[in-house]
$ cat target.cif   # mmCIF, C-alpha atoms and all ligand atoms
data_my_file
loop_
_atom_site.label_atom_id
_atom_site.label_comp_id
_atom_site.auth_asym_id
_atom_site.auth_seq_id
_atom_site.Cartn_x
_atom_site.Cartn_y
_atom_site.Cartn_z
CA MET E 65 51.58 88.19 45.93
CA ARG E 66 51.95 88.87 49.58
CA LEU E 67 54.48 88.03 52.26
CA VAL E 68 52.95 86.95 55.54
CA VAL E 69 55.08 86.21 58.57
CA ASP E 70 52.86 84.68 61.22
CA GLN E 71 54.00 84.32 64.82
CA ILE E 72 57.47 82.99 64.15
CA ASN E 73 59.84 81.89 66.90
CA THR E 74 63.48 81.62 65.89
CA TYR E 75 66.47 80.37 67.84
CA TYR E 76 70.23 80.39 67.47
CA GLY E 77 71.06 77.12 69.19
CA LEU E 78 69.34 77.38 72.54
CA SER E 79 68.97 81.18 72.43
CA HIS E 80 65.42 82.20 71.75
CA ILE E 81 65.71 85.30 69.54
CA LEU E 82 62.35 86.00 67.85
CA PHE E 83 59.17 85.82 69.89
CA ASP E 84 55.93 85.44 67.91
CA VAL E 85 57.02 87.89 65.24
CA SER E 86 54.25 88.68 62.75
CA LEU E 87 54.35 91.06 59.82
CA ASP E 88 53.05 91.27 56.31
CA VAL E 89 54.00 93.03 53.12
CA ALA E 90 51.50 93.52 50.31
CA GLN E 91 52.39 93.76 46.64
CA GLY E 92 53.96 97.10 45.74
CA GLU E 93 54.52 98.19 49.33
CA VAL E 94 57.73 99.44 50.89
CA VAL E 95 57.71 98.29 54.50
CA VAL E 96 60.42 99.02 57.03
CA LEU E 97 61.42 96.98 60.05
CA LEU E 98 62.96 99.41 62.49
CA GLY E 99 64.96 98.45 65.55
CA ARG E 100 68.11 99.06 67.48
CA ASN E 101 71.29 96.96 67.43
CA GLY E 102 70.52 93.37 68.26
CA ALA E 103 66.75 93.86 68.12
CA GLY E 104 66.23 90.96 65.70
CA LYS E 105 66.04 92.62 62.27
CA THR E 106 68.60 90.38 60.56
CA THR E 107 67.22 87.28 62.25
CA THR E 108 63.76 88.13 60.90
CA MET E 109 65.14 88.45 57.38
CA ARG E 110 67.14 85.25 57.74
CA SER E 111 64.01 83.46 58.92
CA ILE E 112 62.06 84.69 55.89
CA MET E 113 64.90 83.60 53.60
CA GLY E 114 65.18 80.13 55.17
CA LEU E 115 68.75 80.77 56.34
CA THR E 116 67.72 80.49 59.99
CA PRO E 117 64.27 78.93 59.73
CA SER E 118 61.80 79.56 62.51
CA GLN E 119 60.89 76.66 64.75
CA THR E 120 57.24 77.58 65.11
CA GLY E 121 54.94 79.88 63.20
CA SER E 122 54.90 80.26 59.44
CA VAL E 123 56.19 82.30 56.52
CA THR E 124 53.93 82.43 53.48
CA PHE E 125 54.76 83.95 50.11
CA LYS E 126 52.58 83.82 47.00
CA ASP E 127 50.28 81.54 49.02
CA CYS E 128 53.07 78.97 49.51
CA ASP E 129 54.11 77.99 53.00
CA ILE E 130 57.88 78.49 52.67
CA THR E 131 58.74 78.17 56.39
CA LYS E 132 60.89 75.08 55.97
CA TRP E 133 62.05 75.62 52.40
CA PRO E 134 65.78 75.82 51.63
CA PRO E 135 67.02 79.33 50.75
CA TYR E 136 67.68 78.60 47.06
CA LYS E 137 64.07 77.52 46.58
CA ILE E 138 62.80 80.64 48.34
CA ALA E 139 65.00 82.75 46.05
CA ARG E 140 63.56 80.91 43.06
CA LEU E 141 60.05 81.70 44.18
CA GLY E 142 60.95 85.38 43.83
CA ILE E 143 62.53 86.74 47.00
CA GLY E 144 65.85 88.57 46.65
CA PHE E 145 67.99 89.19 49.72
CA VAL E 146 70.69 91.83 50.21
CA PRO E 147 72.41 90.94 53.49
CA GLU E 148 73.89 93.59 55.75
CA ASP E 149 77.48 92.54 55.04
CA ARG E 150 76.95 93.38 51.34
CA ARG E 151 79.45 90.83 50.10
CA ILE E 152 80.58 91.20 46.51
CA PHE E 153 83.20 89.21 44.62
CA PRO E 154 86.15 91.61 44.80
CA ASP E 155 88.20 89.85 42.12
CA LEU E 156 85.40 89.60 39.57
CA THR E 157 84.62 92.59 37.39
CA VAL E 158 81.62 94.74 38.25
CA LYS E 159 79.78 93.33 35.24
CA ALA E 160 80.62 89.74 36.22
CA ASN E 161 79.29 90.50 39.70
CA LEU E 162 76.01 91.52 38.10
CA ASP E 163 76.01 88.37 35.97
CA VAL E 164 76.19 86.23 39.09
CA GLY E 165 72.73 87.43 40.01
CA ARG E 166 71.18 86.92 36.59
CA LYS E 167 68.24 84.60 36.50
CA GLY E 168 65.35 83.86 34.17
CA LYS E 169 64.68 84.85 30.60
CA HIS E 170 62.52 87.90 31.01
CA ILE E 171 64.81 90.17 32.89
CA LYS E 172 63.16 93.40 33.86
CA TRP E 173 66.33 94.93 35.26
CA THR E 174 68.80 94.98 32.39
CA TYR E 175 72.38 96.27 32.55
CA GLU E 176 71.19 99.38 30.70
CA ARG E 177 68.58 100.20 33.29
CA ILE E 178 70.92 99.56 36.18
CA TYR E 179 73.68 101.64 34.55
CA LYS E 180 71.28 104.45 33.84
CA PHE E 181 70.64 104.75 37.51
CA PHE E 182 74.18 104.03 38.69
CA PRO E 183 76.50 105.42 35.98
CA LYS E 184 79.46 104.58 38.20
CA LEU E 185 78.77 100.86 37.74
CA GLU E 186 78.97 101.29 33.96
CA GLU E 187 82.14 103.33 34.23
CA MET E 188 83.67 100.60 36.38
CA ALA E 189 82.04 97.67 34.52
CA ASN E 190 85.34 96.04 33.56
CA ARG E 191 87.19 96.83 36.76
CA PRO E 192 87.34 94.51 39.76
CA GLY E 193 84.41 94.88 42.15
CA GLY E 194 86.92 95.39 44.94
CA ASP E 195 87.87 98.76 43.41
CA LEU E 196 84.42 100.18 44.21
CA SER E 197 83.83 102.32 47.29
CA GLY E 198 81.62 101.00 50.09
CA GLY E 199 78.63 102.92 48.77
CA GLU E 200 79.16 101.68 45.23
CA GLN E 201 79.46 98.13 46.51
CA GLN E 202 76.10 98.55 48.20
CA MET E 203 74.56 99.69 44.90
CA LEU E 204 76.18 96.67 43.24
CA THR E 205 74.71 94.19 45.72
CA ILE E 206 71.24 95.67 45.28
CA SER E 207 71.64 95.69 41.50
CA ARG E 208 72.84 92.10 41.56
CA ALA E 209 69.76 91.07 43.56
CA LEU E 210 67.54 92.86 41.03
CA MET E 211 69.19 90.95 38.16
CA GLY E 212 67.64 87.86 39.75
CA ASN E 213 64.27 89.35 38.87
CA PRO E 214 62.72 89.14 42.34
CA ASP E 215 59.13 90.11 43.12
CA LEU E 216 60.09 90.99 46.68
CA ILE E 217 63.44 92.32 47.78
CA LEU E 218 64.73 92.22 51.36
CA LEU E 219 67.27 94.94 52.13
CA ASP E 220 69.01 94.48 55.47
CA GLU E 221 70.15 97.87 56.79
CA PRO E 222 71.12 99.21 53.37
CA SER E 223 72.07 102.69 54.57
CA GLU E 224 74.44 101.52 57.30
CA GLY E 225 77.88 103.06 57.08
CA LEU E 226 77.15 105.01 53.90
CA ALA E 227 78.05 108.67 53.37
CA PRO E 228 75.06 111.06 53.34
CA LEU E 229 75.21 111.58 49.59
CA VAL E 230 75.19 107.84 48.95
CA VAL E 231 72.28 107.43 51.36
CA LYS E 232 70.39 109.92 49.22
CA THR E 233 71.11 107.94 46.04
CA LEU E 234 69.98 104.80 47.81
CA GLY E 235 66.76 106.50 48.90
CA ASP E 236 66.09 107.70 45.36
CA PHE E 237 66.66 104.17 44.14
CA ILE E 238 64.20 102.71 46.63
CA ASP E 239 61.66 105.24 45.31
CA VAL E 240 62.40 104.10 41.74
CA MET E 241 61.95 100.45 42.71
CA LYS E 242 58.61 101.31 44.23
CA GLN E 243 57.51 103.19 41.11
CA GLU E 244 58.45 100.09 39.13
CA GLY E 245 56.09 98.05 41.28
CA MET E 246 58.77 96.28 43.31
CA THR E 247 57.80 95.11 46.77
CA VAL E 248 60.39 95.96 49.40
CA LEU E 249 61.01 94.96 53.00
CA LEU E 250 63.90 96.86 54.46
CA SER E 251 65.39 96.90 57.92
CA GLU E 252 66.85 100.10 59.28
CA GLN E 253 68.16 101.94 62.30
CA ASN E 254 68.22 105.19 60.37
CA VAL E 255 64.74 106.40 61.24
CA LYS E 256 64.78 109.52 59.11
CA PHE E 257 65.83 107.61 56.02
CA ALA E 258 63.34 104.81 56.65
CA LEU E 259 60.41 107.14 57.19
CA ALA E 260 61.18 109.08 54.02
CA HIS E 261 60.98 106.03 51.77
CA SER E 262 58.49 103.61 53.31
CA ASP E 263 54.73 103.21 53.40
CA ARG E 264 54.46 101.32 56.67
CA ALA E 265 56.69 100.52 59.61
CA TYR E 266 57.14 97.80 62.19
CA ILE E 267 59.30 98.28 65.24
CA ILE E 268 61.11 95.30 66.67
CA ASP E 269 62.70 95.30 70.09
CA ASN E 270 64.15 92.34 71.99
CA GLY E 271 62.84 90.02 69.32
CA GLN E 272 59.24 91.23 69.61
CA ILE E 273 57.16 93.47 67.38
CA LYS E 274 56.26 96.43 69.55
CA TYR E 275 54.54 98.67 67.05
CA HIS E 276 53.19 98.75 63.55
CA GLY E 277 51.45 101.46 61.63
CA LEU E 278 51.51 103.88 58.78
CA ILE E 279 54.52 106.13 58.41
CA GLU E 280 52.47 109.26 58.99
CA GLU E 281 51.32 107.87 62.33
CA LEU E 282 54.78 106.84 63.47
CA GLU E 283 56.25 110.17 62.45
CA LYS E 284 53.94 111.90 64.91
CA ASP E 285 54.46 109.38 67.70
CA GLU E 286 57.39 110.87 69.61
CA GLU E 287 56.78 108.56 72.56
CA VAL E 288 57.20 105.37 70.51
CA LYS E 289 60.20 106.72 68.62
CA LYS E 290 61.89 107.71 71.84
CA ARG E 291 61.15 104.43 73.60
CA TYR E 292 62.30 102.04 70.90
CA LEU E 293 64.44 103.91 68.46
CA ALA E 294 66.50 106.42 70.46
CA VAL E 295 66.19 109.05 67.78
CA THR E 296 67.49 111.82 69.99
CA ASP E 297 71.05 112.82 69.24
CA HIS E 298 73.49 112.03 72.01
CA ALA E 299 74.55 115.24 73.62
CA ILE E 300 78.31 115.63 73.84
CA PRO E 301 79.28 116.65 77.38
CA THR E 302 80.79 120.11 77.40
CA ASN E 303 84.03 118.91 78.99
CA CYS E 304 84.56 116.59 76.01
CA GLN E 305 83.97 119.12 73.27
CA PRO E 306 86.66 118.96 70.63
N1 LIG O 401 74.77 83.52 65.10
C1 LIG O 401 74.24 83.91 66.27
N2 LIG O 401 74.32 83.13 67.35
C2 LIG O 401 73.78 83.50 68.54
N3 LIG O 401 73.13 84.66 68.75
C3 LIG O 401 73.03 85.49 67.70
C4 LIG O 401 73.58 85.18 66.39
N4 LIG O 401 73.33 86.19 65.56
C5 LIG O 401 72.64 87.10 66.29
N5 LIG O 401 72.46 86.69 67.56
C6 LIG O 401 71.75 87.42 68.62
O1 LIG O 401 70.40 87.56 68.20
C7 LIG O 401 69.89 88.83 68.59
C8 LIG O 401 69.32 89.51 67.36
O2 LIG O 401 70.35 89.77 66.44
P1 LIG O 401 70.11 90.36 64.99
O3 LIG O 401 71.39 90.24 64.26
O4 LIG O 401 68.90 89.75 64.39
O5 LIG O 401 69.79 91.88 65.33
P2 LIG O 401 69.73 93.15 64.39
O6 LIG O 401 68.48 93.86 64.73
O7 LIG O 401 69.92 92.74 62.98
O8 LIG O 401 70.97 94.01 64.89
P3 LIG O 401 72.01 94.93 64.08
O9 LIG O 401 71.35 96.26 63.94
O10 LIG O 401 73.19 94.97 64.97
O11 LIG O 401 72.28 94.30 62.75
C9 LIG O 401 71.04 89.56 69.24
O12 LIG O 401 70.88 89.44 70.64
C10 LIG O 401 72.27 88.82 68.78
O13 LIG O 401 73.27 88.86 69.76
MG MG O 402 71.30 93.20 61.58
#

$ encode --input "target.cif" --output "structure tokens" --more "lines below"
Ligand SMILES: Nc1ncnc2c1ncn2[C@@H]1O[C@H](COP(=O)(O)OP(=O)(O)OP(=O)(O)O)[C@@H](O)[C@H]1O
Ligand SMILES: [Mg+2]
Amino acid sequence: MRLVVDQINTYYGLSHILFDVSLDVAQGEVVVLLGRNGAGKTTTMRSIMGLTPSQTGSVTFKDCDITKWPPYKIARLGIGFVPEDRRIFPDLTVKANLDVGRKGKHIKWTYERIYKFFPKLEEMANRPGGDLSGGEQQMLTISRALMGNPDLILLDEPSEGLAPLVVKTLGDFIDVMKQEGMTVLLSEQNVKFALAHSDRAYIIDNGQIKYHGLIEELEKDEEVKKRYLAVTDHAIPTNCQP
């Protein structure tokens, strides 16, 4: 079971967005796609998922060429997708939101296991999903995707907009998923978070893969981080200090 993205070119209308993007994720790996705003992270995930299929190149999963498959079929083959807008059903209960994702008979991620990790979801099980905080909603969308029993999960910028404590819970959860043998492709702008929880990294910039390597290598590569990821904190000019 391996995901292989091979030289895909993806367009929105006439706009050419992804240029020969290639990446691969092996079974049990956590791989991060790093890149700034507008770099092409979401478009890459949408291309994998068949939501914005690539025009050339190929996406292969479990040795099937899924490049032109419709999204529902790709999901059925075992890819779960948690989009960046983390949409839940606000009027359905938390438990009903989880049910929406349920698929297959042999469910590895039961309510019990999910609740054990996110007690808040159990506490709120019978309350409307809309009553959850942003961070809790993010946990719910990931949990819902897991209820679909995927072999590979795509997490599009999961830490975006979350409070530091919630980001920590999310990181712990990614570690748990990895221990459980889940394969994960996540996209991130939060370099520190991504490096702490991934095995390998790709950097995308202007729709092109500019770097790939092991986390340990990227961590040491200040030049690459500075060029593509702007990890330095913006200095606040002294005349604007609060
Ligand atoms: N529906 C669309 N129609 C036209 N252009 C789009 C559309 N969605 C995204 N783009 C453009 O495609 C490029 C890549 O966008 P994408 O959303 O993949 O980036 P991203 O890395 O996910 O950014 P972010 O961190 O902001 O989520 C950007 O230049 C963006 O303006
Ligand atoms: Mg995005």

$ atom_distance --input "target.cif" --atom1 "CA of His261 in chain E" --atom2 "CA of Phe237 in chain E"
9.7 Å

$ residues_around --input "target.cif" --residues "Arg150 in chain E" --least-positions-apart "2" --cutoff "8 Å" --atoms "all atoms listed in the file" --output "list in words"
Val146, Pro147, Glu148, Ile152, Gln201, Gln202 and Thr205 of chain E

$ write_last_selection --input "target.cif" --atoms "C-alpha atoms" --output "tab-separated table (two decimals), in the coordinates of the input"
chain	number	residue	atom	x	y	z
E	146	VAL	CA	70.69	91.83	50.21
E	147	PRO	CA	72.41	90.94	53.49
E	148	GLU	CA	73.89	93.59	55.75
E	152	ILE	CA	80.58	91.20	46.51
E	201	GLN	CA	79.46	98.13	46.51
E	202	GLN	CA	76.10	98.55	48.20
E	205	THR	CA	74.71	94.19	45.72

$ residues_around --input "target.cif" --residues "range 187-193 of chain E" --least-positions-apart "2" --cutoff "9 Å" --atoms "only C-alpha atoms" --output "PyMOL selection string"
chain E and resi 152-161+179+183-185+195-196+201+204

$ residues_around --input "target.cif" --residues "Thr131 in chain E" --least-positions-apart "6" --cutoff "9 Å" --atoms "all atoms listed in the file" --output "PyMOL selection string"
chain E and resi 111-114+117-124

$ atom_distance --input "target.cif" --atom1 "CA of Ser86 in chain E" --atom2 "CA of Gln71 in chain E"
4.8 Å

$ decode --input "target.cif" --residues "range 136-223 of chain E" --atoms "C-alpha atoms" --output "mmCIF file, in the first residue's frame"
data_model
loop_
_atom_site.group_PDB
_atom_site.id
_atom_site.type_symbol
_atom_site.label_atom_id
_atom_site.label_comp_id
_atom_site.auth_asym_id
_atom_site.auth_seq_id
_atom_site.Cartn_x
_atom_site.Cartn_y
_atom_site.Cartn_z
ATOM 1 C CA TYR E 136 -16.272 8.598 -3.712
ATOM 2 C CA LYS E 137 -14.456 5.702 -5.362
ATOM 3 C CA ILE E 138 -11.094 6.969 -4.121
ATOM 4 C CA ALA E 139 -12.552 7.197 -0.610
ATOM 5 C CA ARG E 140 -13.808 3.629 -0.955
ATOM 6 C CA LEU E 141 -10.355 2.443 -1.899
ATOM 7 C CA GLY E 142 -9.189 3.672 1.510
ATOM 8 C CA ILE E 143 -8.213 7.334 1.415
ATOM 9 C CA GLY E 144 -9.777 9.625 4.014
ATOM 10 C CA PHE E 145 -9.649 13.387 3.538
ATOM 11 C CA VAL E 146 -9.962 16.098 6.183
ATOM 12 C CA PRO E 147 -10.243 19.382 4.264
ATOM 13 C CA GLU E 148 -8.906 22.638 5.650
ATOM 14 C CA ASP E 149 -12.364 24.112 6.193
ATOM 15 C CA ARG E 150 -13.154 21.272 8.640
ATOM 16 C CA ARG E 151 -16.868 21.298 7.941
ATOM 17 C CA ILE E 152 -19.051 19.460 10.427
ATOM 18 C CA PHE E 153 -22.842 19.226 10.546
ATOM 19 C CA PRO E 154 -23.602 21.824 13.236
ATOM 20 C CA ASP E 155 -27.193 20.701 13.791
ATOM 21 C CA LEU E 156 -26.427 17.002 14.106
ATOM 22 C CA THR E 157 -25.206 15.650 17.422
ATOM 23 C CA VAL E 158 -21.522 14.926 17.855
ATOM 24 C CA LYS E 159 -22.266 11.199 17.749
ATOM 25 C CA ALA E 160 -24.365 11.562 14.591
ATOM 26 C CA ASN E 161 -21.479 13.467 13.022
ATOM 27 C CA LEU E 162 -19.258 10.479 13.732
ATOM 28 C CA ASP E 163 -21.885 8.125 12.293
ATOM 29 C CA VAL E 164 -21.803 10.008 9.004
ATOM 30 C CA GLY E 165 -18.260 8.797 8.504
ATOM 31 C CA ARG E 166 -18.908 5.177 9.425
ATOM 32 C CA LYS E 167 -18.079 2.679 6.758
ATOM 33 C CA GLY E 168 -17.399 -1.040 6.544
ATOM 34 C CA LYS E 169 -17.948 -3.839 9.001
ATOM 35 C CA HIS E 170 -14.569 -4.140 10.628
ATOM 36 C CA ILE E 171 -14.181 -0.747 12.139
ATOM 37 C CA LYS E 172 -10.835 -0.272 13.769
ATOM 38 C CA TRP E 173 -11.688 3.130 15.187
ATOM 39 C CA THR E 174 -14.698 2.588 17.418
ATOM 40 C CA TYR E 175 -16.525 5.288 19.399
ATOM 41 C CA GLU E 176 -14.802 3.954 22.516
ATOM 42 C CA ARG E 177 -11.350 4.412 21.095
ATOM 43 C CA ILE E 178 -12.114 7.854 19.754
ATOM 44 C CA TYR E 179 -13.702 8.912 23.066
ATOM 45 C CA LYS E 180 -10.768 7.573 25.011
ATOM 46 C CA PHE E 181 -8.543 9.953 23.168
ATOM 47 C CA PHE E 182 -10.971 12.871 22.986
ATOM 48 C CA PRO E 183 -13.083 12.689 26.170
ATOM 49 C CA LYS E 184 -14.701 15.973 25.196
ATOM 50 C CA LEU E 185 -16.395 14.274 22.233
ATOM 51 C CA GLU E 186 -17.964 11.731 24.598
ATOM 52 C CA GLU E 187 -19.034 14.440 27.010
ATOM 53 C CA MET E 188 -20.667 16.304 24.128
ATOM 54 C CA ALA E 189 -21.877 13.177 22.270
ATOM 55 C CA ASN E 190 -25.549 14.149 22.393
ATOM 56 C CA ARG E 191 -25.062 17.858 21.906
ATOM 57 C CA PRO E 192 -25.112 19.587 18.521
ATOM 58 C CA GLY E 193 -21.749 19.586 16.747
ATOM 59 C CA GLY E 194 -22.068 23.351 16.426
ATOM 60 C CA ASP E 195 -21.610 23.660 20.211
ATOM 61 C CA LEU E 196 -18.007 22.426 19.951
ATOM 62 C CA SER E 197 -15.085 24.849 19.917
ATOM 63 C CA GLY E 198 -12.978 25.186 16.765
ATOM 64 C CA GLY E 199 -10.364 22.806 18.143
ATOM 65 C CA GLU E 200 -12.964 20.236 19.131
ATOM 66 C CA GLN E 201 -14.529 20.480 15.693
ATOM 67 C CA GLN E 202 -11.141 19.708 14.189
ATOM 68 C CA MET E 203 -10.861 16.592 16.377
ATOM 69 C CA LEU E 204 -14.372 15.647 15.272
ATOM 70 C CA THR E 205 -13.562 15.927 11.566
ATOM 71 C CA ILE E 206 -10.451 13.782 11.996
ATOM 72 C CA SER E 207 -12.389 11.254 14.080
ATOM 73 C CA ARG E 208 -15.152 11.166 11.497
ATOM 74 C CA ALA E 209 -12.609 10.437 8.751
ATOM 75 C CA LEU E 210 -11.151 7.619 10.873
ATOM 76 C CA MET E 211 -14.619 6.083 11.288
ATOM 77 C CA GLY E 212 -14.463 5.501 7.533
ATOM 78 C CA ASN E 213 -11.624 3.094 8.223
ATOM 79 C CA PRO E 214 -9.092 4.624 5.814
ATOM 80 C CA ASP E 215 -5.644 3.171 5.162
ATOM 81 C CA LEU E 216 -4.313 6.615 4.308
ATOM 82 C CA ILE E 217 -5.533 9.871 5.769
ATOM 83 C CA LEU E 218 -4.956 13.284 4.202
ATOM 84 C CA LEU E 219 -4.988 16.135 6.722
ATOM 85 C CA ASP E 220 -5.030 19.573 5.117
ATOM 86 C CA GLU E 221 -3.456 22.105 7.490
ATOM 87 C CA PRO E 222 -4.927 20.532 10.618
ATOM 88 C CA SER E 223 -3.221 22.884 13.079
#
